[in-house]
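Dropping entry-v6.cif in here (mmCIF, C-alpha atoms):
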```cif
data_data
#
loop_
_atom_site.label_atom_id
_atom_site.label_comp_id
_atom_site.auth_asym_id
_atom_site.auth_seq_id
_atom_site.Cartn_x
_atom_site.Cartn_y
_atom_site.Cartn_z
CA MET A 1 0.00 0.00 0.00
CA VAL A 2 1.17 3.51 -0.79
CA LYS A 3 -0.30 6.93 -0.13
CA LEU A 4 -0.15 10.48 -1.29
CA VAL A 5 0.13 12.69 1.78
CA ALA A 6 -0.92 16.31 1.31
CA ILE A 7 -0.12 18.64 4.19
CA TYR A 8 -1.59 22.14 4.22
CA LYS A 9 -0.30 25.07 6.21
CA HIS A 10 -2.74 27.34 7.99
CA SER A 11 -4.76 29.55 5.70
CA PRO A 12 -5.44 33.16 6.68
CA ASP A 13 -9.15 32.41 6.17
CA LYS A 14 -9.58 28.99 7.74
CA HIS A 15 -13.35 28.89 7.29
CA LYS A 16 -13.18 29.66 3.59
CA PHE A 17 -10.37 27.13 3.15
CA ASP A 18 -12.28 24.36 4.91
CA ASP A 19 -15.44 25.08 2.99
CA TYR A 20 -13.64 24.93 -0.34
CA TYR A 21 -11.67 21.87 0.66
CA ASP A 22 -14.72 19.88 1.71
CA ASN A 23 -17.15 20.98 -0.95
CA VAL A 24 -15.02 21.50 -4.04
CA HIS A 25 -11.67 19.79 -3.68
CA THR A 26 -12.66 16.58 -1.88
CA PRO A 27 -15.24 15.59 -4.51
CA LEU A 28 -12.51 15.97 -7.16
CA ALA A 29 -10.02 13.91 -5.16
CA ARG A 30 -12.60 11.16 -4.68
CA LYS A 31 -12.74 10.70 -8.44
CA LEU A 32 -9.11 9.57 -8.69
CA PRO A 33 -9.08 6.18 -10.41
CA GLY A 34 -7.75 3.43 -8.17
CA LEU A 35 -8.19 5.44 -4.98
CA ARG A 36 -8.75 2.99 -2.13
CA ARG A 37 -9.29 5.34 0.75
CA LEU A 38 -9.26 9.05 1.47
CA GLU A 39 -8.60 10.26 4.97
CA VAL A 40 -8.81 13.90 5.93
CA ALA A 41 -7.69 15.14 9.34
CA ARG A 42 -7.62 18.60 10.81
CA CYS A 43 -4.91 19.40 13.32
CA PHE A 44 -6.07 21.25 16.42
CA ALA A 45 -2.89 21.51 18.47
CA SER A 46 0.66 20.36 18.98
CA PRO A 47 2.41 19.35 22.21
CA GLY A 48 4.41 22.55 21.79
CA GLY A 49 1.43 24.79 21.01
CA GLU A 50 0.16 25.38 17.50
CA ALA A 51 0.31 22.60 14.94
CA ARG A 52 2.62 23.34 12.02
CA TYR A 53 -0.08 22.29 9.54
CA HIS A 54 -3.82 22.80 9.43
CA LEU A 55 -4.88 19.76 7.44
CA VAL A 56 -3.46 16.36 6.53
CA ALA A 57 -5.09 14.51 3.65
CA GLU A 58 -4.09 11.00 2.65
CA MET A 59 -5.02 9.17 -0.51
CA TYR A 60 -4.32 5.43 -0.52
CA PHE A 61 -3.55 3.28 -3.55
CA ASP A 62 -2.60 -0.34 -4.03
CA ASP A 63 0.90 0.43 -5.25
CA ARG A 64 3.13 3.09 -6.78
CA ASP A 65 2.02 2.32 -10.33
CA ALA A 66 -1.64 2.80 -9.40
CA MET A 67 -0.87 6.08 -7.62
CA PHE A 68 1.10 7.58 -10.48
CA ALA A 69 -1.46 6.40 -13.03
CA ALA A 70 -4.16 8.14 -10.99
CA LEU A 71 -2.22 11.39 -10.94
CA LYS A 72 -1.63 11.25 -14.68
CA SER A 73 -5.31 10.61 -15.44
CA ALA A 74 -7.74 13.35 -16.42
CA GLU A 75 -9.24 13.20 -12.92
CA GLY A 76 -5.78 13.46 -11.37
CA LYS A 77 -4.90 16.45 -13.49
CA ALA A 78 -8.18 18.16 -12.57
CA ALA A 79 -7.60 17.60 -8.85
CA GLY A 80 -3.99 18.75 -9.16
CA LYS A 81 -4.98 21.88 -11.03
CA ASP A 82 -7.64 22.62 -8.44
CA VAL A 83 -5.29 22.27 -5.48
CA MET A 84 -2.88 24.73 -7.06
CA THR A 85 -5.63 27.33 -7.48
CA PHE A 86 -6.81 27.35 -3.87
CA ALA A 87 -3.75 26.18 -1.95
CA GLY A 88 -0.67 26.40 -4.17
CA ASP A 89 1.20 28.34 -1.52
CA LEU A 90 -0.02 26.19 1.38
CA VAL A 91 0.29 22.60 0.26
CA HIS A 92 3.18 20.14 0.22
CA MET A 93 2.63 16.68 -1.21
CA MET A 94 4.63 13.55 -0.49
CA PHE A 95 4.56 10.04 -1.90
CA ALA A 96 4.95 7.42 0.81
CA ASP A 97 5.21 3.67 1.23
CA VAL A 98 2.95 2.52 4.04
CA ALA A 99 5.08 0.27 6.17
CA ASP A 100 2.61 -0.67 8.80
CA GLY A 101 -1.09 -0.13 9.19
CA GLN A 102 -2.08 -2.83 11.59
CA ALA A 103 -4.77 -2.52 14.16
CA ILE A 104 -3.53 -3.17 17.67
CA ALA A 105 -4.63 -6.52 19.07
CA ARG A 106 -5.36 -6.49 22.79
CA MET B 1 -11.59 9.16 15.83
CA VAL B 2 -8.50 11.26 16.51
CA LYS B 3 -4.85 10.73 15.78
CA LEU B 4 -1.43 11.87 16.82
CA VAL B 5 0.56 12.64 13.68
CA ALA B 6 4.34 12.61 14.08
CA ILE B 7 6.30 13.93 11.11
CA TYR B 8 10.06 13.46 11.01
CA LYS B 9 12.48 15.44 8.90
CA HIS B 10 15.29 13.63 7.11
CA SER B 11 18.00 12.36 9.38
CA PRO B 12 21.66 12.63 8.33
CA ASP B 13 21.93 8.88 8.93
CA LYS B 14 18.72 7.50 7.47
CA HIS B 15 19.65 3.86 7.99
CA LYS B 16 20.43 4.35 11.67
CA PHE B 17 17.26 6.39 12.13
CA ASP B 18 15.05 3.75 10.49
CA ASP B 19 16.65 0.95 12.46
CA TYR B 20 16.09 2.75 15.75
CA TYR B 21 12.59 3.80 14.79
CA ASP B 22 11.48 0.29 13.87
CA ASN B 23 13.25 -1.69 16.54
CA VAL B 24 13.26 0.59 19.56
CA HIS B 25 10.68 3.35 19.19
CA THR B 26 7.83 1.49 17.50
CA PRO B 27 7.63 -1.19 20.22
CA LEU B 28 7.33 1.61 22.80
CA ALA B 29 4.63 3.40 20.80
CA ARG B 30 2.67 0.16 20.47
CA LYS B 31 2.33 0.01 24.25
CA LEU B 32 0.28 3.22 24.44
CA PRO B 33 -2.96 2.38 26.26
CA GLY B 34 -6.02 2.86 24.07
CA LEU B 35 -4.04 2.87 20.83
CA ARG B 36 -6.31 1.58 18.07
CA ARG B 37 -3.96 1.62 15.14
CA LEU B 38 -0.42 2.62 14.31
CA GLU B 39 0.49 3.50 10.75
CA VAL B 40 4.04 4.23 9.69
CA ALA B 41 4.84 5.55 6.23
CA ARG B 42 8.13 6.50 4.65
CA CYS B 43 8.12 9.25 2.06
CA PHE B 44 10.14 8.55 -1.05
CA ALA B 45 9.48 11.63 -3.18
CA SER B 46 7.41 14.73 -3.74
CA PRO B 47 5.89 16.04 -6.99
CA GLY B 48 8.44 18.84 -6.69
CA GLY B 49 11.43 16.59 -5.92
CA GLU B 50 12.41 15.64 -2.39
CA ALA B 51 9.75 15.09 0.25
CA ARG B 52 9.90 17.59 3.08
CA TYR B 53 9.68 14.80 5.65
CA HIS B 54 11.18 11.34 5.83
CA LEU B 55 8.59 9.56 7.93
CA VAL B 56 4.95 10.05 8.91
CA ALA B 57 3.67 8.05 11.89
CA GLU B 58 0.05 8.10 12.96
CA MET B 59 -1.40 6.80 16.19
CA TYR B 60 -5.18 6.47 16.29
CA PHE B 61 -7.39 6.72 19.37
CA ASP B 62 -11.14 6.68 19.93
CA ASP B 63 -11.31 10.30 21.05
CA ARG B 64 -9.30 13.20 22.45
CA ASP B 65 -9.68 12.02 26.05
CA ALA B 66 -8.24 8.61 25.19
CA MET B 67 -5.34 10.17 23.28
CA PHE B 68 -4.37 12.55 26.06
CA ALA B 69 -4.75 9.84 28.71
CA ALA B 70 -2.39 7.66 26.68
CA LEU B 71 0.22 10.39 26.49
CA LYS B 72 0.01 11.02 30.23
CA SER B 73 0.39 7.33 31.07
CA ALA B 74 3.70 5.75 32.05
CA GLU B 75 3.89 4.18 28.57
CA GLY B 76 3.18 7.54 26.94
CA LYS B 77 5.88 9.23 28.96
CA ALA B 78 8.37 6.52 28.06
CA ALA B 79 7.59 6.83 24.34
CA GLY B 80 7.73 10.62 24.54
CA LYS B 81 11.06 10.55 26.33
CA ASP B 82 12.44 8.13 23.78
CA VAL B 83 11.40 10.22 20.78
CA MET B 84 13.15 13.23 22.24
CA THR B 85 16.39 11.31 22.64
CA PHE B 86 16.67 10.06 19.05
CA ALA B 87 14.67 12.65 17.11
CA GLY B 88 14.09 15.72 19.25
CA ASP B 89 15.40 17.97 16.51
CA LEU B 90 13.61 16.13 13.68
CA VAL B 91 10.09 15.50 14.91
CA HIS B 92 6.95 17.63 14.95
CA MET B 93 3.79 16.21 16.51
CA MET B 94 0.23 17.26 15.83
CA PHE B 95 -3.10 16.30 17.35
CA ALA B 96 -5.79 15.90 14.71
CA ASP B 97 -9.48 15.12 14.38
CA VAL B 98 -10.04 12.56 11.66
CA ALA B 99 -12.83 13.96 9.53
CA ASP B 100 -13.13 11.23 7.00
CA GLY B 101 -11.60 7.81 6.69
CA GLN B 102 -13.98 6.07 4.39
CA ALA B 103 -13.02 3.50 1.85
CA ILE B 104 -14.05 4.39 -1.67
CA ALA B 105 -16.99 2.38 -2.95
CA ARG B 106 -16.84 1.55 -6.66
#
```
Hey, can you dump this file as structure tokens for me?
Amino acid sequence: MVKLVAIYKHSPDKHKFDDYYDNVHTPLARKLPGLRRLEVARCFASPGGEARYHLVAEMYFDDRDAMFAALKSAEGKAAGKDVMTFAGDLVHMMFADVADGQAIAR
Amino acid sequence: MVKLVAIYKHSPDKHKFDDYYDNVHTPLARKLPGLRRLEVARCFASPGGEARYHLVAEMYFDDRDAMFAALKSAEGKAAGKDVMTFAGDLVHMMFADVADGQAIAR
């Protein structure tokens, strides 16, 4: 399993950002071919005070080939173009191999 | 669902870092009371070149109370102390509400 991790810095207008993210960007991201799971999390604090990022979005794919094919697709290009219009200065994206995602057995 | 997101910058000695992370730190993190899932991912690239972070670790809990109780426990203090010894200058931790973790139905 691999994932595309998108981390967003704090926007000056957090409400507007969240509204756009949920109602415009997320529906585009959901269309990515081969997407297995989308997880969106909003950071509310850090042990040291303010969290460095506002939002962490993760898009899971079966493998690297599937992830890169999704990004090269028409849907991937549309989502990529969209993210640059509303968060080009806020977002950093990383490709990651998921080493461990096990539930904890107790 | 909430999670503690720990992002680690690149270490000068990546091999040593990974070895310590997997064999010393992860077993400590797994002992956190109330931990529902631990996911470790290693970033291998960014659309713009190098990923800003080397490793993204996520620890999931049922709610904020459970997460903070875990961190205040003896196991939480041990894991927190450990992370500061091997990655105090590399790690940033964030508390996040998980807004959406659904699988994609096709």
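These residues, each with an atom at most 12 Å from (7.7, 16.7, -4.1) using all atoms listed in the file, are Leu4, Val5, Ala6, Ile7, Val91, His92, Met93, Met94, Phe95 and Ala96 of chain A; Cys43, Phe44, Ala45, Ser46, Pro47, Gly48, Gly49, Glu50, Ala51, Arg52, Tyr53 and His54 of chain B.
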Evaluating the PyMOL selection byres ((chain A and resi 73-78) around 8) on the displayed file yields which residues, as a ChimeraX atom specification?
/A:28-29,31-33,69-72,79-82
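Coordinates place CA of Met84 in chain A at a distance of 19.6 Å from CA of Ala41 in chain A.
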Taking (13.5, 11.3, 16.8) in the file's own coordinates, collect the residues within 12 Å, counting only C-alpha atoms, and hand them back as a ChimeraX atom specification.
/B:6-14,16-22,24-26,54-57,79-93
Provide the CA of Ala66 in chain A to CA of Val2 in chain A distance in Å, to one decimal place.
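Computing the Euclidean distance for CA of Ala66 in chain A and CA of Val2 in chain A yields 9.1 Å.
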Would you pick out the contacts of Val98 in chain B at 8 Å or less, using all atoms listed in the file, so that residues sharing its chain but fewer than 5 positions from it are not included, and give the list as a PyMOL selection string?
(chain A and resi 39-42) or (chain B and resi 1-3)
Taking the file as shown, what set of residues would the PyMOL selection byres ((chain B and resi 62) around 8) give back, as JSON, numbers by chain?
{"B": [1, 2, 34, 36, 60, 61, 63, 64, 66, 67]}
Those same residues, written as a PDB file, in the frame of the given file with C-alpha atoms?
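Once everything was written out, this is selection-v8.pdb:
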```pdb
ATOM      1  CA  MET B   1     -11.590   9.160  15.830  1.00  0.00           C
ATOM      2  CA  VAL B   2      -8.500  11.260  16.510  1.00  0.00           C
ATOM      3  CA  GLY B  34      -6.020   2.860  24.070  1.00  0.00           C
ATOM      4  CA  ARG B  36      -6.310   1.580  18.070  1.00  0.00           C
ATOM      5  CA  TYR B  60      -5.180   6.470  16.290  1.00  0.00           C
ATOM      6  CA  PHE B  61      -7.390   6.720  19.370  1.00  0.00           C
ATOM      7  CA  ASP B  63     -11.310  10.300  21.050  1.00  0.00           C
ATOM      8  CA  ARG B  64      -9.300  13.200  22.450  1.00  0.00           C
ATOM      9  CA  ALA B  66      -8.240   8.610  25.190  1.00  0.00           C
ATOM     10  CA  MET B  67      -5.340  10.170  23.280  1.00  0.00           C
TER      11      MET B  67
END
```
re CA of Glu58 in chain B and CA of His15 in chain A: distance 25.4 Å
Centre and edge lengths of an axis-aligned box around all listed atoms of range 37-41 of chain A, with 3 Å added on each side, are to be given in Å to one decimal, as JSON.
```
{"center_x": -8.5, "center_y": 10.2, "center_z": 5.0, "size_x": 7.6, "size_y": 15.8, "size_z": 14.6}
```
